[in-house]
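Structure file final.cif with mmCIF, C-alpha atoms and all ligand atoms:
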data_start
loop_
_atom_site.group_PDB
_atom_site.id
_atom_site.type_symbol
_atom_site.label_atom_id
_atom_site.label_comp_id
_atom_site.auth_asym_id
_atom_site.auth_seq_id
_atom_site.Cartn_x
_atom_site.Cartn_y
_atom_site.Cartn_z
ATOM 1 C CA MET A 1 20.366 -25.337 -0.485
ATOM 2 C CA THR A 2 19.085 -24.760 -4.000
ATOM 3 C CA SER A 3 16.894 -21.783 -4.875
ATOM 4 C CA LEU A 4 13.114 -21.945 -4.889
ATOM 5 C CA LEU A 5 13.049 -21.599 -8.686
ATOM 6 C CA ASN A 6 15.466 -24.515 -9.010
ATOM 7 C CA ALA A 7 13.383 -26.616 -6.648
ATOM 8 C CA LEU A 8 10.356 -26.004 -8.881
ATOM 9 C CA LYS A 9 12.189 -27.251 -11.959
ATOM 10 C CA SER A 10 11.606 -30.848 -10.886
ATOM 11 C CA GLY A 11 7.931 -30.254 -11.640
ATOM 12 C CA ARG A 12 6.916 -31.283 -8.141
ATOM 13 C CA ILE A 13 4.145 -29.233 -6.537
ATOM 14 C CA LEU A 14 5.580 -27.556 -3.444
ATOM 15 C CA VAL A 15 3.466 -27.014 -0.343
ATOM 16 C CA SER A 16 3.608 -23.741 1.560
ATOM 17 C CA ASP A 17 2.339 -23.063 5.060
ATOM 18 C CA GLY A 18 -1.040 -21.972 6.408
ATOM 19 C CA ALA A 19 -2.385 -18.980 8.327
ATOM 20 C CA TRP A 20 -0.343 -17.067 10.875
ATOM 21 C CA GLY A 21 -2.731 -14.348 12.031
ATOM 22 C CA THR A 22 -5.496 -16.709 13.063
ATOM 23 C CA MET A 23 -2.953 -19.066 14.707
ATOM 24 C CA LEU A 24 -1.466 -16.231 16.762
ATOM 25 C CA GLN A 25 -4.975 -15.117 17.760
ATOM 26 C CA GLU A 26 -5.580 -18.604 19.109
ATOM 27 C CA ARG A 27 -2.464 -18.141 21.215
ATOM 28 C CA GLY A 28 -3.837 -14.927 22.654
ATOM 29 C CA LEU A 29 -2.991 -12.161 20.193
ATOM 30 C CA GLN A 30 -5.599 -9.464 20.826
ATOM 31 C CA ALA A 31 -7.260 -7.158 18.313
ATOM 32 C CA GLY A 32 -5.255 -3.941 18.256
ATOM 33 C CA GLU A 33 -2.046 -5.677 19.317
ATOM 34 C CA CYS A 34 0.988 -5.599 17.013
ATOM 35 C CA PRO A 35 1.618 -9.177 15.748
ATOM 36 C CA GLU A 36 5.246 -8.419 14.845
ATOM 37 C CA LEU A 37 6.044 -7.337 18.411
ATOM 38 C CA TRP A 38 5.400 -10.950 19.390
ATOM 39 C CA ASN A 39 8.666 -11.842 17.625
ATOM 40 C CA ILE A 40 10.307 -10.352 20.733
ATOM 41 C CA THR A 41 7.726 -10.541 23.524
ATOM 42 C CA ARG A 42 6.165 -13.923 22.664
ATOM 43 C CA ARG A 43 8.975 -15.527 20.693
ATOM 44 C CA ASP A 44 8.109 -19.065 21.814
ATOM 45 C CA ASP A 45 4.549 -18.739 20.546
ATOM 46 C CA VAL A 46 5.686 -17.483 17.151
ATOM 47 C CA LEU A 47 8.276 -20.277 16.958
ATOM 48 C CA ALA A 48 5.568 -22.816 17.847
ATOM 49 C CA VAL A 49 3.421 -21.653 14.897
ATOM 50 C CA ALA A 50 6.413 -21.864 12.551
ATOM 51 C CA ARG A 51 7.300 -25.337 13.853
ATOM 52 C CA SER A 52 3.725 -26.568 13.519
ATOM 53 C CA TYR A 53 3.902 -25.981 9.761
ATOM 54 C CA VAL A 54 7.315 -27.596 9.432
ATOM 55 C CA GLN A 55 5.988 -30.618 11.309
ATOM 56 C CA ALA A 56 2.964 -30.684 8.990
ATOM 57 C CA GLY A 57 5.395 -31.253 6.124
ATOM 58 C CA ALA A 58 5.406 -27.833 4.409
ATOM 59 C CA ASP A 59 8.272 -27.272 1.973
ATOM 60 C CA MET A 60 8.402 -23.627 2.997
ATOM 61 C CA ILE A 61 7.183 -21.372 5.771
ATOM 62 C CA LEU A 62 6.556 -17.649 5.989
ATOM 63 C CA THR A 63 7.710 -15.150 8.604
ATOM 64 C CA ASN A 64 5.657 -13.187 11.133
ATOM 65 C CA SER A 65 6.434 -9.888 9.416
ATOM 66 C CA PHE A 66 3.367 -9.152 7.286
ATOM 67 C CA GLY A 67 2.875 -5.726 8.895
ATOM 68 C CA GLY A 68 6.589 -5.096 9.378
ATOM 69 C CA SER A 69 6.951 -2.034 7.153
ATOM 70 C CA PRO A 70 7.751 1.215 8.986
ATOM 71 C CA ILE A 71 4.494 2.800 7.822
ATOM 72 C CA LYS A 72 2.473 -0.065 9.299
ATOM 73 C CA LEU A 73 4.522 -0.335 12.491
ATOM 74 C CA ALA A 74 4.031 3.407 13.057
ATOM 75 C CA HIS A 75 0.405 2.606 13.993
ATOM 76 C CA TYR A 76 1.855 1.075 17.169
ATOM 77 C CA GLY A 77 4.651 3.621 17.621
ATOM 78 C CA LEU A 78 7.126 0.880 16.640
ATOM 79 C CA GLN A 79 8.562 2.441 13.463
ATOM 80 C CA ASP A 80 12.020 2.646 15.039
ATOM 81 C CA ARG A 81 12.096 -1.131 15.593
ATOM 82 C CA VAL A 82 11.668 -2.219 11.957
ATOM 83 C CA VAL A 83 15.075 -3.887 11.724
ATOM 84 C CA GLU A 84 14.803 -5.633 15.090
ATOM 85 C CA LEU A 85 11.259 -6.981 14.531
ATOM 86 C CA ASN A 86 11.851 -8.197 10.968
ATOM 87 C CA GLU A 87 15.212 -9.737 11.692
ATOM 88 C CA ALA A 88 13.677 -11.580 14.638
ATOM 89 C CA ALA A 89 10.771 -12.765 12.457
ATOM 90 C CA ALA A 90 13.209 -14.242 9.944
ATOM 91 C CA ALA A 91 15.433 -15.810 12.601
ATOM 92 C CA ILE A 92 12.448 -17.543 14.236
ATOM 93 C CA SER A 93 11.249 -19.087 10.958
ATOM 94 C CA ARG A 94 14.810 -20.013 9.989
ATOM 95 C CA GLU A 95 15.208 -21.799 13.323
ATOM 96 C CA ALA A 96 12.005 -23.768 12.699
ATOM 97 C CA ALA A 97 12.751 -24.490 9.031
ATOM 98 C CA GLY A 98 16.319 -25.651 9.474
ATOM 99 C CA SER A 99 18.466 -25.767 6.364
ATOM 100 C CA ASP A 100 16.338 -28.016 4.157
ATOM 101 C CA ARG A 101 13.134 -25.992 3.923
ATOM 102 C CA PHE A 102 12.567 -22.544 2.495
ATOM 103 C CA VAL A 103 11.747 -19.418 4.458
ATOM 104 C CA LEU A 104 9.768 -16.710 2.647
ATOM 105 C CA GLY A 105 9.961 -13.248 4.204
ATOM 106 C CA SER A 106 6.418 -11.911 4.335
ATOM 107 C CA VAL A 107 5.957 -8.295 3.231
ATOM 108 C CA GLY A 108 2.376 -6.973 3.320
ATOM 109 C CA PRO A 109 0.919 -3.675 2.129
ATOM 110 C CA THR A 110 1.394 -0.427 4.045
ATOM 111 C CA GLY A 111 -2.353 0.152 4.202
ATOM 112 C CA GLU A 112 -1.852 3.625 2.711
ATOM 113 C CA MET A 113 -2.747 4.584 -0.840
ATOM 114 C CA LEU A 114 -0.073 6.090 -3.028
ATOM 115 C CA MET A 115 -2.567 7.345 -5.602
ATOM 116 C CA MET A 116 -4.378 9.327 -2.913
ATOM 117 C CA GLY A 117 -1.127 11.012 -1.886
ATOM 118 C CA GLN A 118 -1.326 9.563 1.653
ATOM 119 C CA VAL A 119 2.340 8.532 1.413
ATOM 120 C CA THR A 120 5.180 9.279 -0.982
ATOM 121 C CA GLU A 121 6.819 6.756 -3.295
ATOM 122 C CA GLU A 122 10.153 7.442 -1.610
ATOM 123 C CA SER A 123 8.881 6.701 1.894
ATOM 124 C CA VAL A 124 7.210 3.483 0.723
ATOM 125 C CA TYR A 125 10.303 2.363 -1.216
ATOM 126 C CA ASP A 126 12.683 3.186 1.634
ATOM 127 C CA GLY A 127 10.472 1.406 4.152
ATOM 128 C CA PHE A 128 10.196 -1.806 2.140
ATOM 129 C CA ARG A 129 13.937 -1.690 1.517
ATOM 130 C CA VAL A 130 14.757 -1.544 5.217
ATOM 131 C CA GLN A 131 12.247 -4.326 5.951
ATOM 132 C CA ALA A 132 13.584 -6.614 3.212
ATOM 133 C CA GLU A 133 17.200 -6.059 4.253
ATOM 134 C CA ALA A 134 16.354 -7.027 7.832
ATOM 135 C CA LEU A 135 14.496 -10.147 6.673
ATOM 136 C CA LYS A 136 17.532 -11.184 4.640
ATOM 137 C CA LYS A 137 19.836 -10.560 7.593
ATOM 138 C CA GLY A 138 17.589 -12.807 9.687
ATOM 139 C CA GLY A 139 17.987 -15.614 7.148
ATOM 140 C CA VAL A 140 15.111 -15.724 4.647
ATOM 141 C CA ASP A 141 15.594 -17.423 1.252
ATOM 142 C CA ALA A 142 13.152 -15.255 -0.709
ATOM 143 C CA ILE A 143 10.824 -12.299 -0.204
ATOM 144 C CA LEU A 144 7.043 -12.704 -0.563
ATOM 145 C CA VAL A 145 5.293 -9.421 -1.367
ATOM 146 C CA GLU A 146 1.711 -10.425 -0.559
ATOM 147 C CA THR A 147 -1.933 -9.363 -0.247
ATOM 148 C CA MET A 148 -1.304 -6.550 -2.715
ATOM 149 C CA SER A 149 -4.148 -4.755 -4.489
ATOM 150 C CA ALA A 150 -2.444 -1.765 -6.134
ATOM 151 C CA ILE A 151 0.091 -2.009 -8.952
ATOM 152 C CA ASP A 152 2.075 1.026 -7.770
ATOM 153 C CA GLU A 153 2.659 -0.234 -4.235
ATOM 154 C CA ALA A 154 3.387 -3.804 -5.328
ATOM 155 C CA THR A 155 5.950 -2.809 -7.941
ATOM 156 C CA ILE A 156 7.684 -0.438 -5.514
ATOM 157 C CA ALA A 157 7.841 -3.239 -2.937
ATOM 158 C CA ILE A 158 9.240 -5.703 -5.493
ATOM 159 C CA ARG A 159 11.909 -3.269 -6.694
ATOM 160 C CA ALA A 160 12.860 -2.273 -3.159
ATOM 161 C CA ALA A 161 13.135 -5.890 -2.000
ATOM 162 C CA LYS A 162 15.063 -6.988 -5.079
ATOM 163 C CA GLU A 163 17.484 -4.057 -4.996
ATOM 164 C CA ALA A 164 18.046 -4.432 -1.261
ATOM 165 C CA THR A 165 18.534 -8.204 -1.140
ATOM 166 C CA GLY A 166 19.153 -9.735 -4.574
ATOM 167 C CA LEU A 167 16.873 -12.589 -3.458
ATOM 168 C CA GLU A 168 14.092 -14.210 -5.486
ATOM 169 C CA ILE A 169 10.914 -12.147 -5.206
ATOM 170 C CA ILE A 170 7.444 -13.663 -5.164
ATOM 171 C CA CYS A 171 4.411 -11.398 -5.493
ATOM 172 C CA THR A 172 0.793 -12.313 -4.824
ATOM 173 C CA PHE A 173 -2.308 -10.119 -5.111
ATOM 174 C CA THR A 174 -5.700 -10.502 -3.440
ATOM 175 C CA PHE A 175 -8.591 -10.772 -5.898
ATOM 176 C CA ASP A 176 -12.333 -10.785 -5.416
ATOM 177 C CA LYS A 177 -14.938 -12.173 -7.745
ATOM 178 C CA THR A 178 -16.843 -9.382 -9.503
ATOM 179 C CA PRO A 179 -20.595 -9.506 -10.112
ATOM 180 C CA LYS A 180 -19.789 -10.124 -13.794
ATOM 181 C CA GLY A 181 -17.749 -13.168 -12.894
ATOM 182 C CA GLY A 182 -14.142 -12.083 -13.483
ATOM 183 C CA TYR A 183 -11.632 -11.308 -10.745
ATOM 184 C CA ARG A 184 -10.300 -7.887 -9.684
ATOM 185 C CA THR A 185 -8.475 -6.485 -6.674
ATOM 186 C CA MET A 186 -10.224 -3.758 -4.691
ATOM 187 C CA MET A 187 -8.168 -1.300 -6.764
ATOM 188 C CA GLY A 188 -9.584 -2.793 -9.968
ATOM 189 C CA VAL A 189 -6.500 -4.763 -11.022
ATOM 190 C CA SER A 190 -7.142 -7.943 -13.051
ATOM 191 C CA PRO A 191 -4.951 -11.065 -12.832
ATOM 192 C CA ALA A 192 -3.609 -10.257 -16.321
ATOM 193 C CA ASP A 193 -2.680 -6.669 -15.287
ATOM 194 C CA MET A 194 -0.952 -8.054 -12.208
ATOM 195 C CA VAL A 195 1.091 -10.606 -14.174
ATOM 196 C CA LYS A 196 2.501 -8.033 -16.560
ATOM 197 C CA ALA A 197 3.333 -5.422 -13.907
ATOM 198 C CA VAL A 198 4.941 -7.646 -11.290
ATOM 199 C CA LYS A 199 7.077 -9.530 -13.794
ATOM 200 C CA GLU A 200 8.348 -6.262 -15.241
ATOM 201 C CA ALA A 201 9.181 -5.100 -11.716
ATOM 202 C CA GLY A 202 11.270 -8.232 -11.105
ATOM 203 C CA ALA A 203 9.081 -10.897 -9.490
ATOM 204 C CA SER A 204 10.024 -14.410 -10.609
ATOM 205 C CA ILE A 205 7.082 -16.197 -8.978
ATOM 206 C CA ILE A 206 3.570 -14.739 -9.133
ATOM 207 C CA GLY A 207 0.149 -15.582 -7.799
ATOM 208 C CA ALA A 208 -2.726 -14.884 -5.443
ATOM 209 C CA ASN A 209 -3.390 -15.025 -1.723
ATOM 210 C CA CYS A 210 -6.314 -14.465 0.630
ATOM 211 C CA GLY A 211 -9.828 -13.369 -0.297
ATOM 212 C CA ASN A 212 -10.722 -16.692 -1.906
ATOM 213 C CA GLY A 213 -11.138 -20.280 -0.863
ATOM 214 C CA PHE A 214 -9.458 -23.098 -2.783
ATOM 215 C CA ASP A 215 -12.350 -23.549 -5.224
ATOM 216 C CA GLN A 216 -12.420 -19.886 -6.309
ATOM 217 C CA MET A 217 -8.627 -19.840 -6.524
ATOM 218 C CA VAL A 218 -8.959 -22.400 -9.320
ATOM 219 C CA GLU A 219 -10.674 -19.683 -11.380
ATOM 220 C CA VAL A 220 -8.028 -17.110 -10.420
ATOM 221 C CA VAL A 221 -5.200 -19.432 -11.464
ATOM 222 C CA ARG A 222 -6.948 -20.070 -14.778
ATOM 223 C CA GLU A 223 -7.002 -16.287 -15.403
ATOM 224 C CA ILE A 224 -3.321 -15.993 -14.492
ATOM 225 C CA ARG A 225 -2.414 -18.936 -16.732
ATOM 226 C CA LYS A 226 -4.335 -17.405 -19.632
ATOM 227 C CA ALA A 227 -2.062 -14.357 -19.340
ATOM 228 C CA ASP A 228 1.115 -16.286 -18.577
ATOM 229 C CA PRO A 229 1.566 -19.995 -19.251
ATOM 230 C CA SER A 230 5.030 -20.409 -17.755
ATOM 231 C CA THR A 231 5.953 -18.250 -14.735
ATOM 232 C CA PRO A 232 5.662 -20.297 -11.516
ATOM 233 C CA VAL A 233 2.428 -19.591 -9.621
ATOM 234 C CA LEU A 234 1.981 -19.564 -5.842
ATOM 235 C CA VAL A 235 -1.473 -19.738 -4.242
ATOM 236 C CA HIS A 236 -2.341 -19.158 -0.580
ATOM 237 C CA ALA A 237 -6.098 -19.822 -0.334
ATOM 238 C CA THR A 238 -8.387 -19.338 2.657
ATOM 239 C CA ALA A 239 -10.250 -22.231 4.262
ATOM 240 C CA GLY A 240 -13.402 -21.309 2.375
ATOM 241 C CA LEU A 241 -15.091 -17.920 2.553
ATOM 242 C CA PRO A 242 -15.471 -16.372 6.009
ATOM 243 C CA VAL A 243 -18.797 -16.718 7.791
ATOM 244 C CA LEU A 244 -20.024 -15.086 10.995
ATOM 245 C CA GLU A 245 -20.729 -17.453 13.875
ATOM 246 C CA ASP A 246 -21.696 -15.942 17.235
ATOM 247 C CA GLY A 247 -20.207 -12.631 16.122
ATOM 248 C CA LYS A 248 -16.899 -14.287 15.247
ATOM 249 C CA VAL A 249 -15.420 -14.678 11.769
ATOM 250 C CA VAL A 250 -14.791 -18.356 11.069
ATOM 251 C CA TYR A 251 -13.561 -20.401 8.113
ATOM 252 C CA THR A 252 -15.228 -23.728 7.659
ATOM 253 C CA GLU A 253 -13.549 -25.739 4.860
ATOM 254 C CA THR A 254 -12.131 -28.939 6.263
ATOM 255 C CA PRO A 255 -8.595 -30.227 5.569
ATOM 256 C CA ALA A 256 -10.023 -33.091 3.493
ATOM 257 C CA ALA A 257 -12.104 -30.731 1.358
ATOM 258 C CA VAL A 258 -9.279 -28.291 0.610
ATOM 259 C CA ALA A 259 -6.917 -31.143 -0.241
ATOM 260 C CA VAL A 260 -9.239 -32.342 -3.011
ATOM 261 C CA MET A 261 -9.509 -28.819 -4.426
ATOM 262 C CA ALA A 262 -5.747 -28.379 -4.232
ATOM 263 C CA ARG A 263 -5.389 -31.151 -6.801
ATOM 264 C CA GLU A 264 -7.574 -29.111 -9.126
ATOM 265 C CA LEU A 265 -5.399 -26.061 -8.451
ATOM 266 C CA ALA A 266 -2.312 -28.040 -9.400
ATOM 267 C CA LYS A 267 -3.991 -29.262 -12.591
ATOM 268 C CA CYS A 268 -4.761 -25.649 -13.555
ATOM 269 C CA GLY A 269 -1.127 -24.682 -13.219
ATOM 270 C CA ALA A 270 -0.408 -23.723 -9.608
ATOM 271 C CA ASN A 271 3.141 -24.727 -8.611
ATOM 272 C CA ILE A 272 3.189 -23.795 -4.937
ATOM 273 C CA ILE A 273 0.047 -24.293 -2.850
ATOM 274 C CA GLY A 274 -0.586 -23.287 0.737
ATOM 275 C CA GLY A 275 -3.171 -21.678 2.944
ATOM 276 C CA CYS A 276 -4.215 -18.217 4.079
ATOM 277 C CA CYS A 277 -6.766 -17.153 6.720
ATOM 278 C CA GLY A 278 -8.404 -20.003 8.593
ATOM 279 C CA THR A 279 -6.030 -22.749 7.444
ATOM 280 C CA THR A 280 -4.190 -24.741 10.099
ATOM 281 C CA PRO A 281 -1.372 -27.303 10.267
ATOM 282 C CA ASP A 282 -4.051 -29.974 9.671
ATOM 283 C CA HIS A 283 -4.946 -28.346 6.354
ATOM 284 C CA ILE A 284 -1.274 -28.271 5.359
ATOM 285 C CA ARG A 285 -0.794 -31.911 6.387
ATOM 286 C CA ALA A 286 -3.730 -32.847 4.131
ATOM 287 C CA LEU A 287 -2.230 -30.855 1.234
ATOM 288 C CA VAL A 288 1.143 -32.535 1.636
ATOM 289 C CA LYS A 289 -0.467 -35.972 1.553
ATOM 290 C CA GLU A 290 -2.688 -35.166 -1.416
ATOM 291 C CA LEU A 291 -0.036 -33.432 -3.519
ATOM 292 C CA LYS A 292 2.863 -35.773 -2.794
ATOM 293 C CA ALA A 293 1.913 -38.092 -5.615
ATOM 294 C CA PHE A 294 0.659 -35.426 -7.990
HETATM 295 ZN ZN ZN B 301 -5.710 -14.327 4.438
#

Turn this file's structure into structure tokens for me.
Amino acid sequence: MTSLLNALKSGRILVSDGAWGTMLQERGLQAGECPELWNITRRDDVLAVARSYVQAGADMILTNSFGGSPIKLAHYGLQDRVVELNEAAAAISREAAGSDRFVLGSVGPTGEMLMMGQVTEESVYDGFRVQAEALKKGGVDAILVETMSAIDEATIAIRAAKEATGLEIICTFTFDKTPKGGYRTMMGVSPADMVKAVKEAGASIIGANCGNGFDQMVEVVREIRKADPSTPVLVHATAGLPVLEDGKVVYTETPAAVAVMARELAKCGANIIGGCCGTTPDHIRALVKELKAF
């Protein structure tokens, strides 16, 4: 199969998958439970989520490895199972994707702040390296460093993944709208800061995930495109902004509504569009239909 960058050269908008966390919760994942452990203990459920996105028509799917770094797995006492859990995550998504769709190995933040001295650069680098190697061994096509908010952690993750695997690296940050109207991560990073730093570190596809629904992501993509007109952009948007209903966090944008906004995202320069929290296979099916003729 061709590389993701090659596939984008046709100019076609590619569709990514939707949420994993909320889908696993629907299948019984409890708060406080380690999602990555399900790659072993509830393999069929994880495979079912992966398959549901393939069946919805996604061009690529992620892996259930967002919290698969040793630092994150240590919260569950699972730091010695990094290789096993990440390799299994990749193998499950590869099985669902077959050979004609892409698998992106999900790598999320450690949850610790380098600038506060909570962890060392070496331990973060080494951890991401081991995780990325295991994802490659399990069969991913590219590594997605996602939900980042700090430049230091993101660039370490990109370098570690690139040096360990030689695969294409995608990096997406999570931005929030500021009271003044622009977008920043919780560490104060702007889309323009992100673009410069992650490209220098070796990411070949850039973008944003989580924190914003499809309509706000239009504004984020505009800011990214102002800083960089040509690097491919990936967006994983939430199904609207979360609201509390009966004490539960829910996302209310319908598949039809997000599909219309996805067109706008594509017009602004997004090249790969998928969903984050609250999106389902129905949302992805609607995106595929809407973007097919774009
Ligand atoms: Zn999300």

Evaluate the PyMOL selection byres (((chain A and resi 159) around 10) and not hetatm) against this structure - the residues, as a ChimeraX atom specification, please. /A:125,128-129,154-158,160-166,169,198,200-203

On this structure, the PyMOL selection byres (((not hetatm)) within 6 of (chain B and resi 301)) would catch which residues? List them as number ranges by chain, sorted by chain and number. A: 210, 238, 276-277

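A straight line drawn from CA of Thr174 (chain A) to CA of Lys137 (chain A) is 27.8 Å long.
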
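When the PyMOL selection byres (((chain A and resi 50) around 8) and not hetatm) is run on the displayed coordinates, the residues it returns are Val46, Leu47, Ala48, Val49, Arg51, Ser52, Tyr53, Val54, Ile61, Leu62, Thr63, Ile92, Ser93, Ala96 and Ala97 of chain A.
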
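Excluding Thr280 (chain A) itself and same-chain residues fewer than 5 positions from it, the residues having an atom within 8 Å of it are A:Gly18, A:Ala19, A:Met23, A:Gly275, counting only C-alpha atoms.
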
In file coordinates, which residues lie within 12 Å of (5.3, -16.7, 22.2) using only C-alpha atoms, given as a CSV table (one decimal) with C-alpha atoms, in the coordinates of the input?
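Writing the result to selection_29.csv gives the following:
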chain,number,residue,atom,x,y,z
A,23,MET,CA,-3.0,-19.1,14.7
A,24,LEU,CA,-1.5,-16.2,16.8
A,25,GLN,CA,-5.0,-15.1,17.8
A,26,GLU,CA,-5.6,-18.6,19.1
A,27,ARG,CA,-2.5,-18.1,21.2
A,28,GLY,CA,-3.8,-14.9,22.7
A,29,LEU,CA,-3.0,-12.2,20.2
A,35,PRO,CA,1.6,-9.2,15.7
A,36,GLU,CA,5.2,-8.4,14.8
A,37,LEU,CA,6.0,-7.3,18.4
A,38,TRP,CA,5.4,-11.0,19.4
A,39,ASN,CA,8.7,-11.8,17.6
A,40,ILE,CA,10.3,-10.4,20.7
A,41,THR,CA,7.7,-10.5,23.5
A,42,ARG,CA,6.2,-13.9,22.7
A,43,ARG,CA,9.0,-15.5,20.7
A,44,ASP,CA,8.1,-19.1,21.8
A,45,ASP,CA,4.5,-18.7,20.5
A,46,VAL,CA,5.7,-17.5,17.2
A,47,LEU,CA,8.3,-20.3,17.0
A,48,ALA,CA,5.6,-22.8,17.8
A,49,VAL,CA,3.4,-21.7,14.9
A,50,ALA,CA,6.4,-21.9,12.6
A,64,ASN,CA,5.7,-13.2,11.1
A,89,ALA,CA,10.8,-12.8,12.5
A,92,ILE,CA,12.4,-17.5,14.2

What's around region 130-134 of chain A at 8 Å? Count all atoms listed in the file, leave out sequence neighbours fewer than 2 positions away in its own chain, and write the answer as an MDAnalysis selection string. chainID A and resid 68:70 82:84 86:87 105 107 126:128 136:138 143 160:161 164:165
